[in-house]
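Everything below belongs to work-v9.txt, which stores compact mmCIF, C-alpha atoms and all ligand atoms.
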```txt
# COMPACT_ATOMS: atom_id res chain seq x y z
CA MET A 1 33.38 -79.65 2.22
CA ALA A 2 30.99 -77.62 4.34
CA TYR A 3 27.36 -78.12 3.45
CA LEU A 4 24.69 -75.43 3.68
CA GLN A 5 22.89 -75.62 7.03
CA ILE A 6 19.78 -73.56 7.76
CA ALA A 7 18.42 -73.62 11.31
CA ILE A 8 14.84 -72.52 11.95
CA ASP A 9 13.78 -72.35 15.58
CA GLY A 10 10.82 -70.90 17.38
CA PRO A 11 7.76 -71.74 19.46
CA ALA A 12 4.83 -73.95 18.41
CA GLY A 13 2.76 -72.42 15.64
CA SER A 14 5.27 -69.78 14.61
CA GLY A 15 5.20 -71.19 11.07
CA LYS A 16 8.56 -72.98 11.17
CA SER A 17 7.69 -76.26 9.49
CA THR A 18 5.61 -74.83 6.66
CA VAL A 19 8.26 -72.22 5.91
CA ALA A 20 11.11 -74.75 6.20
CA LYS A 21 9.36 -77.21 3.87
CA GLU A 22 8.82 -74.48 1.27
CA ILE A 23 12.48 -73.39 1.44
CA SER A 24 13.71 -76.98 1.19
CA LYS A 25 11.63 -77.35 -1.97
CA GLN A 26 12.92 -74.13 -3.49
CA LEU A 27 16.58 -74.82 -2.68
CA GLY A 28 16.36 -78.56 -3.33
CA ILE A 29 17.86 -79.45 0.06
CA THR A 30 16.83 -81.97 2.71
CA TYR A 31 14.28 -80.90 5.30
CA LEU A 32 14.16 -82.37 8.78
CA ASP A 33 11.24 -81.73 11.13
CA THR A 34 12.91 -82.40 14.49
CA GLY A 35 9.67 -81.84 16.42
CA ALA A 36 8.25 -84.87 14.59
CA MET A 37 11.02 -86.99 16.11
CA TYR A 38 10.11 -85.97 19.70
CA ARG A 39 6.47 -86.57 18.80
CA ALA A 40 7.31 -90.06 17.51
CA VAL A 41 9.04 -90.97 20.78
CA THR A 42 6.03 -89.60 22.68
CA LEU A 43 3.60 -91.64 20.58
CA GLU A 44 5.63 -94.80 21.12
CA ALA A 45 5.79 -94.15 24.88
CA LEU A 46 2.02 -93.51 25.03
CA ASN A 47 1.35 -96.68 23.02
CA HIS A 48 3.35 -98.65 25.58
CA SER A 49 1.59 -96.85 28.46
CA VAL A 50 4.87 -95.94 30.12
CA ASP A 51 5.28 -93.21 32.72
CA LEU A 52 6.51 -90.27 30.65
CA GLN A 53 8.40 -88.88 33.62
CA ASN A 54 10.40 -92.07 34.16
CA PRO A 55 13.83 -91.76 32.46
CA ASP A 56 14.50 -95.53 32.54
CA ALA A 57 11.20 -96.27 30.83
CA LEU A 58 11.85 -93.61 28.19
CA LYS A 59 15.36 -94.96 27.59
CA LYS A 60 13.92 -98.41 26.93
CA ILE A 61 11.40 -96.95 24.48
CA VAL A 62 14.11 -95.02 22.57
CA ASP A 63 16.52 -97.98 22.51
CA GLN A 64 13.88 -100.36 21.21
CA MET A 65 12.40 -98.20 18.47
CA THR A 66 13.72 -97.55 14.98
CA LEU A 67 13.07 -94.11 13.60
CA ASN A 68 13.18 -93.27 9.89
CA MET A 69 12.34 -90.00 8.22
CA THR A 70 11.76 -88.77 4.72
CA ILE A 71 10.99 -85.12 3.92
CA THR A 72 7.26 -85.68 4.34
CA LYS A 73 6.93 -88.82 6.43
CA ILE A 74 8.13 -90.39 9.65
CA PHE A 75 8.20 -94.11 10.46
CA VAL A 76 8.48 -95.92 13.79
CA ASN A 77 9.49 -99.57 13.42
CA ASN A 78 8.66 -99.20 9.71
CA VAL A 79 5.09 -98.06 10.42
CA ASP A 80 4.08 -94.68 8.98
CA VAL A 81 3.15 -92.52 12.01
CA SER A 82 3.09 -89.17 10.18
CA GLU A 83 -0.59 -88.65 11.04
CA ALA A 84 -0.61 -90.35 14.44
CA ILE A 85 2.04 -87.99 15.87
CA ARG A 86 -0.19 -84.95 15.27
CA THR A 87 -3.05 -85.88 17.60
CA PRO A 88 -3.93 -83.53 20.48
CA GLU A 89 -2.88 -86.29 22.92
CA VAL A 90 0.67 -86.35 21.54
CA SER A 91 0.77 -82.52 21.47
CA ARG A 92 -0.25 -82.38 25.14
CA ASN A 93 2.46 -84.82 26.23
CA VAL A 94 5.41 -84.12 23.96
CA SER A 95 7.00 -81.34 26.04
CA VAL A 96 7.49 -83.69 28.98
CA VAL A 97 9.20 -86.30 26.81
CA ALA A 98 11.32 -83.60 25.13
CA MET A 99 12.73 -82.66 28.56
CA ASP A 100 14.39 -86.02 29.01
CA ALA A 101 18.19 -85.94 28.71
CA TYR A 102 18.58 -89.34 27.04
CA VAL A 103 15.78 -88.73 24.55
CA ARG A 104 17.35 -85.39 23.59
CA ALA A 105 20.88 -86.78 23.29
CA GLU A 106 19.72 -89.59 21.01
CA MET A 107 17.61 -87.31 18.81
CA VAL A 108 20.40 -84.74 18.50
CA LYS A 109 22.83 -87.52 17.47
CA ILE A 110 20.53 -88.57 14.62
CA GLN A 111 19.98 -84.94 13.56
CA GLN A 112 23.71 -84.15 13.49
CA LYS A 113 24.44 -87.31 11.52
CA ILE A 114 21.88 -86.32 8.87
CA ALA A 115 23.54 -82.89 8.51
CA LEU A 116 27.02 -84.39 8.06
CA GLY A 117 26.73 -85.46 4.45
CA GLN A 118 24.26 -83.06 2.84
CA ALA A 119 22.78 -79.58 2.79
CA VAL A 120 19.88 -79.33 5.24
CA ILE A 121 17.19 -77.12 6.63
CA MET A 122 16.02 -78.20 10.09
CA ASP A 123 13.32 -76.80 12.26
CA GLY A 124 12.95 -77.20 15.99
CA ARG A 125 13.72 -75.44 19.27
CA ASP A 126 17.46 -76.01 19.71
CA ILE A 127 18.80 -76.25 16.17
CA GLY A 128 20.73 -72.97 16.22
CA THR A 129 21.87 -73.39 19.82
CA THR A 130 22.69 -77.10 20.12
CA VAL A 131 22.16 -79.25 17.02
CA LEU A 132 23.85 -77.03 14.41
CA PRO A 133 25.67 -74.34 16.42
CA ASN A 134 27.75 -73.48 13.33
CA ALA A 135 24.80 -73.34 10.93
CA THR A 136 25.30 -71.13 7.88
CA TYR A 137 22.03 -69.32 8.64
CA LYS A 138 19.95 -69.24 11.80
CA PHE A 139 16.42 -67.89 12.05
CA PHE A 140 14.15 -67.59 15.07
CA LEU A 141 10.48 -67.26 14.19
CA ILE A 142 8.00 -65.79 16.63
CA ALA A 143 4.28 -64.94 16.44
CA ASP A 144 1.52 -63.71 18.68
CA PRO A 145 0.00 -66.63 20.70
CA ILE A 146 -3.54 -65.93 19.44
CA GLU A 147 -2.36 -66.02 15.83
CA ARG A 148 -0.47 -69.24 16.58
CA ALA A 149 -3.59 -70.78 18.13
CA LYS A 150 -5.61 -69.81 15.04
CA ARG A 151 -3.05 -71.54 12.81
CA ARG A 152 -3.15 -74.65 15.01
CA ARG A 153 -6.95 -74.69 14.87
CA LEU A 154 -6.88 -74.60 11.07
CA GLU A 155 -4.34 -77.45 11.01
CA LEU A 156 -6.45 -79.49 13.40
CA GLN A 157 -9.67 -78.79 11.49
CA ALA A 158 -8.01 -79.98 8.30
CA LYS A 159 -7.41 -83.28 10.13
CA GLY A 160 -10.94 -83.51 11.48
CA PHE A 161 -10.25 -82.34 15.05
CA GLU A 162 -12.24 -79.50 16.64
CA ALA A 163 -10.73 -77.38 19.40
CA SER A 164 -11.69 -74.08 21.02
CA LEU A 165 -9.41 -71.12 20.41
CA ASP A 166 -9.26 -70.47 24.14
CA ASP A 167 -8.03 -73.99 24.90
CA LEU A 168 -5.47 -73.80 22.11
CA VAL A 169 -4.09 -70.46 23.36
CA LYS A 170 -3.74 -71.97 26.86
CA GLU A 171 -2.07 -75.11 25.49
CA ILE A 172 0.35 -73.07 23.37
CA ILE A 173 1.32 -70.82 26.29
CA LYS A 174 1.82 -73.85 28.53
CA ARG A 175 3.98 -75.58 25.90
CA ASP A 176 6.05 -72.39 25.42
CA GLU A 177 6.64 -72.27 29.17
CA LEU A 178 7.68 -75.92 29.41
CA ASP A 179 9.89 -75.69 26.30
CA SER A 180 11.51 -72.40 27.37
CA ASN A 181 12.19 -73.32 30.98
CA ARG A 182 13.48 -76.86 30.68
CA GLU A 183 17.04 -77.51 31.81
CA ILE A 184 18.51 -79.04 28.66
CA SER A 185 18.51 -77.08 25.38
CA PRO A 186 15.53 -74.86 26.13
CA LEU A 187 13.69 -72.97 23.42
CA LYS A 188 15.96 -69.97 23.04
CA LYS A 189 17.06 -67.66 20.26
CA ALA A 190 20.73 -68.23 19.41
CA ASP A 191 22.73 -65.01 19.80
CA ASP A 192 23.51 -64.97 16.10
CA ALA A 193 19.99 -65.87 14.88
CA ILE A 194 17.83 -63.48 12.87
CA GLU A 195 14.43 -63.01 14.52
CA ILE A 196 11.36 -62.79 12.28
CA ASP A 197 7.89 -61.98 13.62
CA THR A 198 5.49 -63.95 11.40
CA THR A 199 2.23 -62.70 12.99
CA SER A 200 1.16 -60.57 10.07
CA HIS A 201 2.99 -62.37 7.28
CA THR A 202 1.99 -65.24 5.04
CA ILE A 203 4.11 -68.36 4.76
CA ASP A 204 5.21 -67.27 1.29
CA GLU A 205 6.33 -63.87 2.59
CA VAL A 206 8.39 -65.41 5.38
CA ALA A 207 9.90 -68.00 3.02
CA THR A 208 10.85 -65.20 0.60
CA MET A 209 12.42 -63.18 3.44
CA ILE A 210 14.56 -66.15 4.48
CA LEU A 211 15.51 -66.96 0.89
CA ASP A 212 16.56 -63.34 0.43
CA TYR A 213 18.95 -63.68 3.38
CA VAL A 214 20.33 -66.93 1.99
CA LYS A 215 20.82 -65.38 -1.46
CA GLY A 216 22.54 -62.37 0.10
CA LEU A 217 19.76 -60.00 -1.05
CA ARG A 218 18.90 -59.07 2.54
CA LYS A 219 21.27 -58.41 5.44
O1 LIG B 1 7.50 -78.37 16.49
P1 LIG B 1 6.52 -79.30 17.23
O2 LIG B 1 5.38 -78.59 17.86
O3 LIG B 1 6.10 -80.46 16.40
O4 LIG B 1 7.41 -79.89 18.42
C1 LIG B 1 6.90 -80.79 19.34
C2 LIG B 1 7.61 -80.66 20.67
O5 LIG B 1 8.93 -81.17 20.58
C3 LIG B 1 7.70 -79.27 21.24
O6 LIG B 1 6.80 -79.10 22.31
C4 LIG B 1 9.11 -79.15 21.76
C5 LIG B 1 9.82 -80.36 21.30
N1 LIG B 1 10.97 -80.08 20.45
C6 LIG B 1 12.18 -79.91 21.07
O7 LIG B 1 12.26 -79.93 22.28
N2 LIG B 1 13.30 -79.72 20.33
C7 LIG B 1 13.24 -79.67 19.00
N3 LIG B 1 14.36 -79.52 18.28
C8 LIG B 1 11.98 -79.82 18.34
C9 LIG B 1 10.86 -80.00 19.11
```

Is it possible to give me this structure as structure tokens?
Amino acid sequence: MAYLQIAIDGPAGSGKSTVAKEISKQLGITYLDTGAMYRAVTLEALNHSVDLQNPDALKKIVDQMTLNMTITKIFVNNVDVSEAIRTPEVSRNVSVVAMDAYVRAEMVKIQQKIALGQAVIMDGRDIGTTVLPNATYKFFLIADPIERAKRRRLELQAKGFEASLDDLVKEIIKRDELDSNREISPLKKADDAIEIDTTSHTIDEVATMILDYVKGLRK
């Protein structure tokens, strides 16, 4: 039996996770935030002070950690790191870790295994291109970098972090560049993905648009 698979890709701050979470709730299907997995590896590597550019060191980190996810939480070695993976330090370093071939291969394996036995909605950068190339629906969300930085600032403020809009725009553009130009599974719209510009839409509007496609009300 083929399960429903919805792939949501796009750059940082395009609204992927919030939209994906909302759709998972409405359809009653599992949601997987794949970015959280790369963040968890980054956090673990930072906590062990390893050189993030050293593939052997990263391999050791990945092989020695256990990763567990629920729809809202992520655990490393049974410790809830859902908050700890969202710090600016992890955000600044995650693109480098996400470039590593072994890290990617191991994360993709876990992601594909989760999609084997159930309907899923996953968000990330390479879901439609690499993780679920035969997904039932593929969406690629984009948004203006200034709008994305504003969204990030709100998220950070809600967690007690202050950041200047200027710095956030720079960080977002740098992360886009690193994610789009890496060798393995770069951030890229799959040929058969539907592109949605979320700049001037609310989360609810984007979620409704996607649900309309899934229900066949929009083509
Ligand atoms: O979605 P996010 O900002 O939490 O993702 C964190 C980083 O992880 C992002 O810079 C790129 C990387 N990532 C990836 O390479 N592949 C994915 N499927 C998801 C995220």

With distances taken over all atoms listed in the file, which residue among A:Gly13, A:Gly124, A:Gly117, A:Pro88 lies nearest ligand LIG 1 (chain B)?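 Among the listed residues, A:Gly124 lies closest to ligand LIG 1 (chain B).
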
Minimum-distance residue to A:Pro11, chosen among A:Ser200, A:Gln157, A:Ser95, A:Thr130 (using only C-alpha atoms):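 With only C-alpha atoms as the atom set, the closest residue is A:Ser95.
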
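Atom CA of A:Ile127 to atom CA of A:His48 spans 28.8 Å [interatomic distance, one decimal].
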
I'd like the contact shell of A:Phe140 - 12 Å cut-off, only C-alpha atoms, skipping same-chain residues fewer than 4 positions apart - returned as an mmCIF file with C-alpha atoms, in the coordinates of the input.
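File produced: part-v8.cif:
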```cif
data_model
loop_
_atom_site.group_PDB
_atom_site.id
_atom_site.type_symbol
_atom_site.label_atom_id
_atom_site.label_comp_id
_atom_site.auth_asym_id
_atom_site.auth_seq_id
_atom_site.Cartn_x
_atom_site.Cartn_y
_atom_site.Cartn_z
ATOM 1 C CA ILE A 6 19.780 -73.560 7.760
ATOM 2 C CA ALA A 7 18.420 -73.620 11.310
ATOM 3 C CA ILE A 8 14.840 -72.520 11.950
ATOM 4 C CA ASP A 9 13.780 -72.350 15.580
ATOM 5 C CA GLY A 10 10.820 -70.900 17.380
ATOM 6 C CA PRO A 11 7.760 -71.740 19.460
ATOM 7 C CA ALA A 12 4.830 -73.950 18.410
ATOM 8 C CA SER A 14 5.270 -69.780 14.610
ATOM 9 C CA GLY A 15 5.200 -71.190 11.070
ATOM 10 C CA LYS A 16 8.560 -72.980 11.170
ATOM 11 C CA VAL A 19 8.260 -72.220 5.910
ATOM 12 C CA ALA A 20 11.110 -74.750 6.200
ATOM 13 C CA MET A 122 16.020 -78.200 10.090
ATOM 14 C CA ASP A 123 13.320 -76.800 12.260
ATOM 15 C CA GLY A 124 12.950 -77.200 15.990
ATOM 16 C CA ARG A 125 13.720 -75.440 19.270
ATOM 17 C CA ASP A 126 17.460 -76.010 19.710
ATOM 18 C CA ILE A 127 18.800 -76.250 16.170
ATOM 19 C CA GLY A 128 20.730 -72.970 16.220
ATOM 20 C CA THR A 129 21.870 -73.390 19.820
ATOM 21 C CA LEU A 187 13.690 -72.970 23.420
ATOM 22 C CA LYS A 188 15.960 -69.970 23.040
ATOM 23 C CA LYS A 189 17.060 -67.660 20.260
ATOM 24 C CA ALA A 190 20.730 -68.230 19.410
ATOM 25 C CA ASP A 191 22.730 -65.010 19.800
ATOM 26 C CA ASP A 192 23.510 -64.970 16.100
ATOM 27 C CA ALA A 193 19.990 -65.870 14.880
ATOM 28 C CA ILE A 194 17.830 -63.480 12.870
ATOM 29 C CA GLU A 195 14.430 -63.010 14.520
ATOM 30 C CA ILE A 196 11.360 -62.790 12.280
ATOM 31 C CA ASP A 197 7.890 -61.980 13.620
ATOM 32 C CA THR A 198 5.490 -63.950 11.400
ATOM 33 C CA VAL A 206 8.390 -65.410 5.380
ATOM 34 C CA ILE A 210 14.560 -66.150 4.480
#
```

List the neighbours of A:Asn54 out to 12 Å using all atoms listed in the file; skip same-chain residues closer than 6 positions along the sequence, and give me the result as a CSV table (one decimal) with C-alpha atoms, in the coordinates of the input.
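What ended up in out_5.csv:
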```
chain,number,residue,atom,x,y,z
A,45,ALA,CA,5.8,-94.2,24.9
A,60,LYS,CA,13.9,-98.4,26.9
A,61,ILE,CA,11.4,-97.0,24.5
A,96,VAL,CA,7.5,-83.7,29.0
A,97,VAL,CA,9.2,-86.3,26.8
A,99,MET,CA,12.7,-82.7,28.6
A,100,ASP,CA,14.4,-86.0,29.0
A,101,ALA,CA,18.2,-85.9,28.7
A,102,TYR,CA,18.6,-89.3,27.0
A,103,VAL,CA,15.8,-88.7,24.6
```

My list of candidates is A:Lys174, A:Val120, A:Phe139, A:Val169. Which is closest to A:Ala207 when distances are computed with all atoms listed in the file?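 Going through A:Lys174, A:Val120, A:Phe139, A:Val169 one by one, the smallest distance to A:Ala207 is for A:Phe139.
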
Go ahead and fit an axis-aligned box to every listed atom of ligand LIG 1 (chain B) plus 4 Å each side, and pass me the centre and edge lengths in Å, one decimal, as JSON.
```
{"center_x": 9.9, "center_y": -79.8, "center_z": 19.4, "size_x": 17.0, "size_y": 10.8, "size_z": 13.9}
```

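Proximity ranking of A:Val214, A:Val131, A:Ala2, A:Met69 relative to A:Leu32 places A:Met69 first, based on all atoms listed in the file.
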
Around the point (5.0, -87.8, 20.3) (coordinates from the file), which residues reach within 6 Å if we count only C-alpha atoms? Answer as a PyMOL selection string. chain A and resi 38-43+85+90+94

Please, what distance in Å, to one decimal, runs between atom CA of A:Ile173 and atom CA of A:Glu83?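 Going from atom CA of A:Ile173 over to atom CA of A:Glu83 covers 23.5 Å.
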
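In this comparison, which uses only C-alpha atoms and all ligand atoms, the residue of A:Ile29, A:Val81, A:Ala36, A:Ala57 approaching ligand LIG 1 (chain B) most closely is A:Ala36.
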
I'd like the interatomic distance between atom CA of A:Thr136 and atom CA of A:Ile114, to a tenth of an Å.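 We find that atom CA of A:Thr136 and atom CA of A:Ile114 lie 15.6 Å from each other.
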
Nearest to ligand LIG 1 (chain B) among A:Pro55, A:Pro145, A:Gly160, A:Pro186, with distances taken over all atoms listed in the file: which residue is it?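 Distance minimum relative to ligand LIG 1 (chain B) lands on A:Pro186.
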
All heavy atoms are what I want for stretch 48-59 of chain A; can you complete it accordingly and write them as a PDB file, keeping the file's coordinate frame?
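Final output, result-v6.pdb:
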```
ATOM      1  N   HIS A  48       2.903 -97.618  24.642  1.00  0.00           N
ATOM      2  CA  HIS A  48       3.350 -98.650  25.580  1.00  0.00           C
ATOM      3  C   HIS A  48       2.941 -98.312  27.015  1.00  0.00           C
ATOM      4  O   HIS A  48       3.407 -98.946  27.958  1.00  0.00           O
ATOM      5  CB  HIS A  48       4.874 -98.825  25.497  1.00  0.00           C
ATOM      6  CG  HIS A  48       5.310 -99.557  24.263  1.00  0.00           C
ATOM      7  ND1 HIS A  48       5.443 -98.946  23.045  1.00  0.00           N
ATOM      8  CD2 HIS A  48       5.599-100.873  24.063  1.00  0.00           C
ATOM      9  CE1 HIS A  48       5.815 -99.845  22.140  1.00  0.00           C
ATOM     10  NE2 HIS A  48       5.906-101.013  22.740  1.00  0.00           N
ATOM     11  N   SER A  49       2.110 -97.279  27.147  1.00  0.00           N
ATOM     12  CA  SER A  49       1.590 -96.850  28.460  1.00  0.00           C
ATOM     13  C   SER A  49       2.686 -96.673  29.505  1.00  0.00           C
ATOM     14  O   SER A  49       2.497 -97.068  30.663  1.00  0.00           O
ATOM     15  CB  SER A  49       0.559 -97.851  28.999  1.00  0.00           C
ATOM     16  OG  SER A  49      -0.424 -98.078  28.056  1.00  0.00           O
ATOM     17  N   VAL A  50       3.821 -96.124  29.116  1.00  0.00           N
ATOM     18  CA  VAL A  50       4.870 -95.940  30.120  1.00  0.00           C
ATOM     19  C   VAL A  50       4.703 -94.580  30.812  1.00  0.00           C
ATOM     20  O   VAL A  50       4.072 -93.672  30.273  1.00  0.00           O
ATOM     21  CB  VAL A  50       6.304 -96.057  29.537  1.00  0.00           C
ATOM     22  CG1 VAL A  50       6.487 -97.349  28.774  1.00  0.00           C
ATOM     23  CG2 VAL A  50       6.646 -94.862  28.656  1.00  0.00           C
ATOM     24  N   ASP A  51       5.294 -94.475  31.984  1.00  0.00           N
ATOM     25  CA  ASP A  51       5.280 -93.210  32.720  1.00  0.00           C
ATOM     26  C   ASP A  51       6.245 -92.253  32.010  1.00  0.00           C
ATOM     27  O   ASP A  51       7.452 -92.502  31.976  1.00  0.00           O
ATOM     28  CB  ASP A  51       5.738 -93.506  34.167  1.00  0.00           C
ATOM     29  CG  ASP A  51       5.903 -92.226  34.982  1.00  0.00           C
ATOM     30  OD1 ASP A  51       5.630 -91.127  34.441  1.00  0.00           O
ATOM     31  OD2 ASP A  51       6.322 -92.347  36.154  1.00  0.00           O
ATOM     32  N   LEU A  52       5.696 -91.172  31.481  1.00  0.00           N
ATOM     33  CA  LEU A  52       6.510 -90.270  30.650  1.00  0.00           C
ATOM     34  C   LEU A  52       7.557 -89.513  31.464  1.00  0.00           C
ATOM     35  O   LEU A  52       8.443 -88.879  30.910  1.00  0.00           O
ATOM     36  CB  LEU A  52       5.617 -89.284  29.897  1.00  0.00           C
ATOM     37  CG  LEU A  52       4.546 -89.885  28.985  1.00  0.00           C
ATOM     38  CD1 LEU A  52       3.768 -88.793  28.274  1.00  0.00           C
ATOM     39  CD2 LEU A  52       5.160 -90.830  27.955  1.00  0.00           C
ATOM     40  N   GLN A  53       7.435 -89.579  32.771  1.00  0.00           N
ATOM     41  CA  GLN A  53       8.400 -88.880  33.620  1.00  0.00           C
ATOM     42  C   GLN A  53       9.497 -89.826  34.107  1.00  0.00           C
ATOM     43  O   GLN A  53      10.343 -89.421  34.904  1.00  0.00           O
ATOM     44  CB  GLN A  53       7.695 -88.257  34.821  1.00  0.00           C
ATOM     45  CG  GLN A  53       6.415 -87.572  34.438  1.00  0.00           C
ATOM     46  CD  GLN A  53       6.361 -86.148  34.961  1.00  0.00           C
ATOM     47  OE1 GLN A  53       7.388 -85.523  35.208  1.00  0.00           O
ATOM     48  NE2 GLN A  53       5.159 -85.632  35.137  1.00  0.00           N
ATOM     49  N   ASN A  54       9.434 -91.085  33.675  1.00  0.00           N
ATOM     50  CA  ASN A  54      10.400 -92.070  34.160  1.00  0.00           C
ATOM     51  C   ASN A  54      11.531 -92.239  33.128  1.00  0.00           C
ATOM     52  O   ASN A  54      11.339 -92.832  32.069  1.00  0.00           O
ATOM     53  CB  ASN A  54       9.669 -93.395  34.390  1.00  0.00           C
ATOM     54  CG  ASN A  54      10.606 -94.503  34.840  1.00  0.00           C
ATOM     55  OD1 ASN A  54      11.834 -94.414  34.684  1.00  0.00           O
ATOM     56  ND2 ASN A  54      10.035 -95.558  35.381  1.00  0.00           N
ATOM     57  N   PRO A  55      12.729 -91.712  33.435  1.00  0.00           N
ATOM     58  CA  PRO A  55      13.830 -91.760  32.460  1.00  0.00           C
ATOM     59  C   PRO A  55      14.191 -93.167  32.015  1.00  0.00           C
ATOM     60  O   PRO A  55      14.508 -93.380  30.847  1.00  0.00           O
ATOM     61  CB  PRO A  55      14.997 -91.114  33.214  1.00  0.00           C
ATOM     62  CG  PRO A  55      14.385 -90.337  34.320  1.00  0.00           C
ATOM     63  CD  PRO A  55      13.115 -91.031  34.682  1.00  0.00           C
ATOM     64  N   ASP A  56      14.139 -94.161  32.932  1.00  0.00           N
ATOM     65  CA  ASP A  56      14.500 -95.530  32.540  1.00  0.00           C
ATOM     66  C   ASP A  56      13.516 -96.074  31.515  1.00  0.00           C
ATOM     67  O   ASP A  56      13.894 -96.737  30.543  1.00  0.00           O
ATOM     68  CB  ASP A  56      14.508 -96.457  33.769  1.00  0.00           C
ATOM     69  CG  ASP A  56      15.656 -96.098  34.700  1.00  0.00           C
ATOM     70  OD1 ASP A  56      16.642 -95.518  34.199  1.00  0.00           O
ATOM     71  OD2 ASP A  56      15.543 -96.365  35.910  1.00  0.00           O
ATOM     72  N   ALA A  57      12.239 -95.784  31.756  1.00  0.00           N
ATOM     73  CA  ALA A  57      11.200 -96.270  30.830  1.00  0.00           C
ATOM     74  C   ALA A  57      11.367 -95.610  29.466  1.00  0.00           C
ATOM     75  O   ALA A  57      11.270 -96.269  28.428  1.00  0.00           O
ATOM     76  CB  ALA A  57       9.815 -95.969  31.411  1.00  0.00           C
ATOM     77  N   LEU A  58      11.672 -94.316  29.464  1.00  0.00           N
ATOM     78  CA  LEU A  58      11.850 -93.610  28.190  1.00  0.00           C
ATOM     79  C   LEU A  58      13.089 -94.130  27.453  1.00  0.00           C
ATOM     80  O   LEU A  58      13.090 -94.275  26.237  1.00  0.00           O
ATOM     81  CB  LEU A  58      11.975 -92.099  28.415  1.00  0.00           C
ATOM     82  CG  LEU A  58      10.674 -91.360  28.717  1.00  0.00           C
ATOM     83  CD1 LEU A  58      10.959 -89.874  28.919  1.00  0.00           C
ATOM     84  CD2 LEU A  58       9.659 -91.535  27.593  1.00  0.00           C
ATOM     85  N   LYS A  59      14.125 -94.439  28.223  1.00  0.00           N
ATOM     86  CA  LYS A  59      15.360 -94.960  27.590  1.00  0.00           C
ATOM     87  C   LYS A  59      15.047 -96.266  26.859  1.00  0.00           C
ATOM     88  O   LYS A  59      15.476 -96.476  25.722  1.00  0.00           O
ATOM     89  CB  LYS A  59      16.450 -95.178  28.649  1.00  0.00           C
ATOM     90  CG  LYS A  59      17.733 -95.716  28.046  1.00  0.00           C
ATOM     91  CD  LYS A  59      18.878 -95.783  29.045  1.00  0.00           C
ATOM     92  CE  LYS A  59      20.193 -96.196  28.385  1.00  0.00           C
ATOM     93  NZ  LYS A  59      20.185 -97.443  27.649  1.00  0.00           N
TER      94      LYS A  59
END
```
